[in-house]
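Data block below; observations after.
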There are 2 protein chains.
Amino acid sequence: MRIAIIGGTGKEGGGLAIRWARAGHVVVIGSRDGDRARERAAELTRGHGAIAGGVQIEGGDNLSAASAAEVVVLTVPYAAHAETLRAILPAIAGKVLIDVTVPLKPPKVSRVHLPPGRAAALEAQEIVGPATPVAAALHHVSHAHLADPDAVPHCDVLVAADDERARTTSLALVRDLGLRGLDAGPLENAIALESLTPVLIHLNKRYKSPGAGIIFTEIPEGTG
Amino acid sequence: MRIAIIGGTGKEGGGLAIRWARAGHVVVIGSRDGDRARERAAELTRGHGAIAGGVQIEGGDNLSAASAAEVVVLTVPYAAHAETLRAILPAIAGKVLIDVTVPLKPPKVSRVHLPPGRAAALEAQEIVGPATPVAAALHHVSHAHLADPDAVPHCDVLVAADDERARTTSLALVRDLGLRGLDAGPLENAIALESLTPVLIHLNKRYKSPGAGIIFTEIPEGTG
């Protein structure tokens with residue numbers, strides 16, 4: 001599958017790109033600055049190209065990355081969320097959009113901040129319209145854990161979506177990251193998923209954790 | 001410590017009462033119907049009185065239960081939340097109020113519902129005023145697990161509070177339940193805690209779990 005990671009030069013992007021590329025996907029890193037995305041793609045490929053026959057990671061500006069992909073993953077700071085979505089709008093109609101955005105309000109990033117639309121993913125669905133199904137996912141995996149492709153993060157991934165294709169595509173891509181994905185209900189539940197991230201940031205500070213994660217218990221084995 | 005459990009004849013109340021009573025606290029179960037609360041207290045005492053020299057569980061109407069206690073725990077359906085708080089208001093000034101309420105909107109209880117004040121606990125703080133510190137806690141422990149006082153639920157307990165006394169009192173009482181309590185940040189983070197409960201309800205249905213719980217990973221040992 002061809003996956004675009006919009007805002008993919010950020011902290012989360014590298015780990016996602018490497019893990020998906022190693023699982024056999026073609027990953028296109030997008031950035032406002034296409035050159036920067038291409039550099040990052042080349043850097044990641046150099047670092048991991050020797051593994052298992054090479055990995056395919058490309059780069060480009062956000063719009064061309066989105067155009068080239070079947071699934072679009074959005075990992076931008078909340079301040080750039082709406083603007084970035086509008087910029088890639090012509091390229092994403094009908095594609096599954098996986099929104100990883102958390103509406104943090106710097107500098108108080110360990111305090112829940114509800115955006116006007118209650119969740120970034122709900123705002124995204126408003127912007128892209130009903131023909132482009134949105135899933136909210138991957139808010140709780142520490143980038144520190146993702147960055148080492150051989151590490152197995154102790155963290156489940158909740159996926160909220162109204163659309164069945166968005167849900168199943170997201171859950172399959174979570175499995176390809178080496179993580180357990182769980183169906184967390186309708187897209188409205190993105191409110192819960194997004195607002196848990198400031199709590200994890202608080203736990204990291206309060207308990208000096210390198211990256212607190214979340215695991216759900218009493219879920220039957222073999223799920224996800 | 002004397003602990004009132006307001007709405008204590010409900011599902012959560014029994015398990016909390018037994019566990020705190022066994023830890024040496026005096027528990028007063030409150031209900032709108034004082035007779036019903038006294039019956040429930042007698043029933044719980046009969047069931048567990050033989051253990052470790054007896055347990056002290058009393059009962060009464062909500063107002064007298066709150067009057068008799070140093071710490072007040074609120075476990076009512078959201079529909080009765082504001083009304084119950086107003087009824088016990090004369091009895092709780094200056095006491096720590098632990099709000100367990102989740103703003104569910106039946107019948108869609110596996111979908112996040114943000115109340116007008118964004119969280120039941122934030123609404124509680126508005127109602128009781130600044131002299132009565134509110135903590136939000138215990139939203140994620142399945143009553144099925146609490147009810148067996150010898151079971152060790154695989155579930156952490158997040159505590160959100162602005163007030164230091166409310167936070168430390170709540171964390172200590174969580175430990176007395178046999179659970180790990182974690183400081184989840186300011187009371188505003190109750191938004192995250194409360195909205196996670198519909199997700200857990202969804203997981204229970206979706207994966208046929210007897211009571212999904214939540215554990216935080218990469219928190220140093222000995223915490224809580």
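By order in the structure tokens, chains are A, B, ...; within a chain, residues start at 1; ligands start at 1, following the order shown.
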
Exercise: Ala17 of chain A partners within 10 Å, only C-alpha atoms, chain neighbours under 3 positions left out, as a count of residues only
28

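Applying a distance limit of 6 Å to only C-alpha atoms, the residues of chain B near chain A read Val112, Ala184, Asn189, Ala192, Ser195, Leu196, Val199, Ser209, Ala212, Gly213, Ile214, Ile215, Phe216, Thr217, Glu218 and Ile219 of chain B.
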
Resulting file, chosen residues, all heavy atoms, as a compact mmCIF listing (two decimals), in the first residue's frame:
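Result saved to again-v2.txt:
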# COMPACT_ATOMS: atom_id res chain seq x y z
N VAL B 112 -18.61 8.98 23.55
CA VAL B 112 -18.26 10.10 24.43
C VAL B 112 -19.35 11.16 24.40
O VAL B 112 -19.81 11.56 23.33
CB VAL B 112 -16.91 10.74 24.01
CG1 VAL B 112 -16.64 12.01 24.81
CG2 VAL B 112 -15.77 9.74 24.19
N ALA B 184 -2.80 12.28 37.60
CA ALA B 184 -3.09 12.53 36.18
C ALA B 184 -3.13 14.01 35.85
O ALA B 184 -3.58 14.39 34.76
CB ALA B 184 -4.40 11.86 35.79
N ASN B 189 -8.10 17.75 33.55
CA ASN B 189 -7.85 16.47 32.88
C ASN B 189 -8.92 15.43 33.19
O ASN B 189 -8.91 14.33 32.62
CB ASN B 189 -6.44 15.96 33.22
CG ASN B 189 -5.36 16.80 32.53
OD1 ASN B 189 -5.69 17.72 31.79
ND2 ASN B 189 -4.11 16.48 32.77
N ALA B 192 -10.42 13.99 30.13
CA ALA B 192 -9.83 12.78 29.55
C ALA B 192 -10.28 11.54 30.32
O ALA B 192 -10.65 10.51 29.73
CB ALA B 192 -8.31 12.87 29.56
N SER B 195 -14.04 10.76 29.75
CA SER B 195 -14.41 10.38 28.38
C SER B 195 -13.80 9.05 27.97
O SER B 195 -14.19 8.47 26.96
CB SER B 195 -14.07 11.50 27.39
OG SER B 195 -12.70 11.74 27.32
N LEU B 196 -12.86 8.55 28.77
CA LEU B 196 -12.31 7.22 28.47
C LEU B 196 -13.29 6.09 28.84
O LEU B 196 -13.22 5.00 28.27
CB LEU B 196 -10.98 7.03 29.21
CG LEU B 196 -10.10 5.87 28.75
CD1 LEU B 196 -9.73 6.00 27.28
CD2 LEU B 196 -8.84 5.79 29.60
N VAL B 199 -15.22 4.59 26.03
CA VAL B 199 -14.33 3.76 25.20
C VAL B 199 -14.18 2.37 25.83
O VAL B 199 -14.24 1.35 25.13
CB VAL B 199 -12.95 4.44 25.03
CG1 VAL B 199 -11.96 3.51 24.34
CG2 VAL B 199 -13.09 5.74 24.24
N SER B 209 -15.44 -8.49 26.52
CA SER B 209 -14.61 -8.50 27.73
C SER B 209 -15.51 -8.40 28.96
O SER B 209 -16.50 -7.67 28.96
CB SER B 209 -13.64 -7.32 27.71
OG SER B 209 -13.05 -7.15 28.98
N ALA B 212 -12.94 -4.50 30.63
CA ALA B 212 -11.63 -4.02 30.18
C ALA B 212 -11.09 -3.00 31.18
O ALA B 212 -11.84 -2.18 31.71
CB ALA B 212 -11.75 -3.39 28.79
N GLY B 213 -9.81 -3.09 31.43
CA GLY B 213 -9.16 -2.14 32.33
C GLY B 213 -8.03 -1.44 31.61
O GLY B 213 -7.77 -1.69 30.43
N ILE B 214 -7.35 -0.56 32.33
CA ILE B 214 -6.30 0.24 31.71
C ILE B 214 -5.07 0.24 32.62
O ILE B 214 -5.20 0.41 33.83
CB ILE B 214 -6.83 1.66 31.42
CG1 ILE B 214 -5.79 2.53 30.76
CG2 ILE B 214 -7.37 2.33 32.65
CD1 ILE B 214 -6.37 3.87 30.32
N ILE B 215 -3.92 -0.02 32.01
CA ILE B 215 -2.66 -0.05 32.75
C ILE B 215 -1.69 0.90 32.04
O ILE B 215 -1.63 0.91 30.82
CB ILE B 215 -2.04 -1.48 32.73
CG1 ILE B 215 -2.89 -2.46 33.53
CG2 ILE B 215 -0.60 -1.48 33.21
CD1 ILE B 215 -2.63 -2.47 35.01
N PHE B 216 -0.96 1.68 32.82
CA PHE B 216 0.04 2.56 32.22
C PHE B 216 1.41 1.90 32.32
O PHE B 216 1.79 1.41 33.39
CB PHE B 216 0.00 3.94 32.88
CG PHE B 216 -1.27 4.65 32.52
CD1 PHE B 216 -2.43 4.46 33.26
CD2 PHE B 216 -1.33 5.44 31.37
CE1 PHE B 216 -3.62 5.06 32.88
CE2 PHE B 216 -2.53 6.04 30.99
CZ PHE B 216 -3.67 5.85 31.74
N THR B 217 2.10 1.89 31.19
CA THR B 217 3.41 1.24 31.12
C THR B 217 4.51 2.29 31.20
O THR B 217 4.27 3.48 30.99
CB THR B 217 3.54 0.45 29.81
OG1 THR B 217 3.34 1.34 28.71
CG2 THR B 217 2.50 -0.67 29.74
N GLU B 218 5.71 1.80 31.52
CA GLU B 218 6.90 2.67 31.60
C GLU B 218 6.77 3.73 32.69
O GLU B 218 7.32 4.83 32.58
CB GLU B 218 7.18 3.35 30.25
CG GLU B 218 7.26 2.39 29.09
CD GLU B 218 8.68 2.07 28.66
OE1 GLU B 218 9.62 2.77 29.09
OE2 GLU B 218 8.86 1.10 27.91
N ILE B 219 5.99 3.37 33.72
CA ILE B 219 5.97 4.20 34.93
C ILE B 219 6.86 3.46 35.93
O ILE B 219 6.66 2.26 36.14
CB ILE B 219 4.54 4.30 35.52
CG1 ILE B 219 3.54 4.82 34.48
CG2 ILE B 219 4.51 5.13 36.79
CD1 ILE B 219 3.56 6.29 34.23

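Minimum atom-to-atom distances from B:Leu63, B:Ala144, B:Gly54, B:Met1 to Gly30 of chain B were compared using only C-alpha atoms, and the lowest value belongs to B:Leu63.
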
Using DSSP secondary structure from the backbone, list all strand (DSSP E) positions within segment 131-189 of chain B, as a ChimeraX atom specification.
/B:134-137,156-161,180-183

Can you spit out the residues from that selection as an mmCIF file, in the first residue's frame, using C-alpha atoms?
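Output saved as part24.cif:
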data_model
loop_
_atom_site.group_PDB
_atom_site.id
_atom_site.type_symbol
_atom_site.label_atom_id
_atom_site.label_comp_id
_atom_site.auth_asym_id
_atom_site.auth_seq_id
_atom_site.Cartn_x
_atom_site.Cartn_y
_atom_site.Cartn_z
ATOM 1 C CA VAL B 134 -12.735 18.133 44.094
ATOM 2 C CA ALA B 135 -10.744 15.199 42.733
ATOM 3 C CA ALA B 136 -11.849 13.072 39.782
ATOM 4 C CA ALA B 137 -10.961 9.387 40.101
ATOM 5 C CA ASP B 156 -4.544 1.681 37.329
ATOM 6 C CA VAL B 157 -6.511 4.563 38.789
ATOM 7 C CA LEU B 158 -5.933 8.062 37.446
ATOM 8 C CA VAL B 159 -6.538 10.956 39.840
ATOM 9 C CA ALA B 160 -7.054 14.490 38.524
ATOM 10 C CA ALA B 161 -7.129 17.375 40.997
ATOM 11 C CA ARG B 180 -2.135 1.754 41.933
ATOM 12 C CA GLY B 181 -3.104 5.409 41.810
ATOM 13 C CA LEU B 182 -1.435 7.829 39.411
ATOM 14 C CA ASP B 183 -1.442 11.612 39.513
#

Helix (DSSP H, G or I) per DSSP on the backbone: members of segment 33-219 of chain B, as a PyMOL selection string:
chain B and resi 34-48+51-53+62-67+78-92+120-128+143-147+164-176+187-206

Mind checking which residues fall within 7 Å of Pro133 of chain A, counting only C-alpha atoms, ignoring those fewer than 3 positions away in the same chain, and posting them as a PDB file with N, CA and C atoms, in the first residue's frame?
ATOM      1  N   LYS A  95      -9.993   9.006  -0.099  1.00  0.00           N
ATOM      2  CA  LYS A  95      -8.933   8.213   0.547  1.00  0.00           C
ATOM      3  C   LYS A  95      -9.167   8.151   2.052  1.00  0.00           C
ATOM      4  N   VAL A  96      -8.645   7.097   2.665  1.00  0.00           N
ATOM      5  CA  VAL A  96      -8.725   7.027   4.125  1.00  0.00           C
ATOM      6  C   VAL A  96      -7.726   8.009   4.718  1.00  0.00           C
ATOM      7  N   LEU A  97      -8.209   8.837   5.655  1.00  0.00           N
ATOM      8  CA  LEU A  97      -7.342   9.805   6.339  1.00  0.00           C
ATOM      9  C   LEU A  97      -7.199   9.383   7.794  1.00  0.00           C
ATOM     10  N   PRO A 130     -17.846  14.279   3.929  1.00  0.00           N
ATOM     11  CA  PRO A 130     -18.209  12.885   4.199  1.00  0.00           C
ATOM     12  C   PRO A 130     -17.612  11.865   3.220  1.00  0.00           C
ATOM     13  N   ASP A 163     -16.457   5.118   9.806  1.00  0.00           N
ATOM     14  CA  ASP A 163     -16.472   4.411   8.524  1.00  0.00           C
ATOM     15  C   ASP A 163     -15.727   3.080   8.646  1.00  0.00           C
ATOM     16  N   ALA A 166     -12.283   2.950   6.880  1.00  0.00           N
ATOM     17  CA  ALA A 166     -11.273   3.715   7.633  1.00  0.00           C
ATOM     18  C   ALA A 166     -10.816   2.919   8.854  1.00  0.00           C
TER      19      ALA A 166
END

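Reported to one decimal place, the separation of atom CA of Gly7 of chain B from atom CA of Ala66 of chain B is 10.8 Å.
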
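Counting only C-alpha atoms, the residue from A:Ala87, A:Val100, A:Ala68, A:Val76 that sits nearest to Ala121 of chain A is A:Val100.
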
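Among the candidates A:Ala151, A:Asp99, A:Lys205, A:Lys105, the residue lying nearest to Gly178 of chain A is A:Ala151 (atoms considered: only C-alpha atoms).
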
Just want the 6 Å neighbourhood of Asp61 of chain B, counted on only C-alpha atoms, with same-chain residues fewer than 6 positions away dropped. Output as a list in words.
Gly30, Ser31, Arg32, Asp33 and Gly34 of chain B

Filtering to all heavy atoms, could you give me those residues as a PDB file, in the first residue's frame?
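Wrote part_15.pdb, looks like this:
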ATOM      1  N   GLY B  30     -24.444   6.165  51.486  1.00  0.00           N
ATOM      2  CA  GLY B  30     -25.556   7.097  51.377  1.00  0.00           C
ATOM      3  C   GLY B  30     -26.450   6.751  50.199  1.00  0.00           C
ATOM      4  O   GLY B  30     -25.986   6.216  49.193  1.00  0.00           O
ATOM      5  N   SER B  31     -27.728   7.044  50.364  1.00  0.00           N
ATOM      6  CA  SER B  31     -28.683   6.842  49.276  1.00  0.00           C
ATOM      7  C   SER B  31     -29.776   7.882  49.448  1.00  0.00           C
ATOM      8  O   SER B  31     -29.949   8.446  50.531  1.00  0.00           O
ATOM      9  CB  SER B  31     -29.267   5.430  49.353  1.00  0.00           C
ATOM     10  OG  SER B  31     -30.381   5.305  48.490  1.00  0.00           O
ATOM     11  N   ARG B  32     -30.519   8.158  48.378  1.00  0.00           N
ATOM     12  CA  ARG B  32     -31.672   9.049  48.558  1.00  0.00           C
ATOM     13  C   ARG B  32     -32.603   8.445  49.589  1.00  0.00           C
ATOM     14  O   ARG B  32     -33.229   9.143  50.372  1.00  0.00           O
ATOM     15  CB  ARG B  32     -32.406   9.217  47.221  1.00  0.00           C
ATOM     16  CG  ARG B  32     -31.905  10.435  46.469  1.00  0.00           C
ATOM     17  CD  ARG B  32     -32.735  10.674  45.246  1.00  0.00           C
ATOM     18  NE  ARG B  32     -32.617   9.537  44.324  1.00  0.00           N
ATOM     19  CZ  ARG B  32     -33.055   9.560  43.067  1.00  0.00           C
ATOM     20  NH1 ARG B  32     -33.633  10.636  42.586  1.00  0.00           N
ATOM     21  NH2 ARG B  32     -32.919   8.506  42.281  1.00  0.00           N
ATOM     22  N   ASP B  33     -32.674   7.118  49.597  1.00  0.00           N
ATOM     23  CA  ASP B  33     -33.523   6.371  50.531  1.00  0.00           C
ATOM     24  C   ASP B  33     -32.636   5.827  51.658  1.00  0.00           C
ATOM     25  O   ASP B  33     -31.905   4.848  51.476  1.00  0.00           O
ATOM     26  CB  ASP B  33     -34.196   5.235  49.746  1.00  0.00           C
ATOM     27  CG  ASP B  33     -35.075   4.360  50.616  1.00  0.00           C
ATOM     28  OD1 ASP B  33     -34.985   4.455  51.861  1.00  0.00           O
ATOM     29  OD2 ASP B  33     -35.844   3.569  50.042  1.00  0.00           O
ATOM     30  N   GLY B  34     -32.702   6.484  52.818  1.00  0.00           N
ATOM     31  CA  GLY B  34     -31.846   6.101  53.932  1.00  0.00           C
ATOM     32  C   GLY B  34     -32.023   4.653  54.372  1.00  0.00           C
ATOM     33  O   GLY B  34     -31.051   3.975  54.719  1.00  0.00           O
TER      34      GLY B  34
END

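Closest approach to Pro115 of chain B among B:Leu179, B:Ala79, B:Leu74, B:Ala91: B:Ala79, based on only C-alpha atoms.
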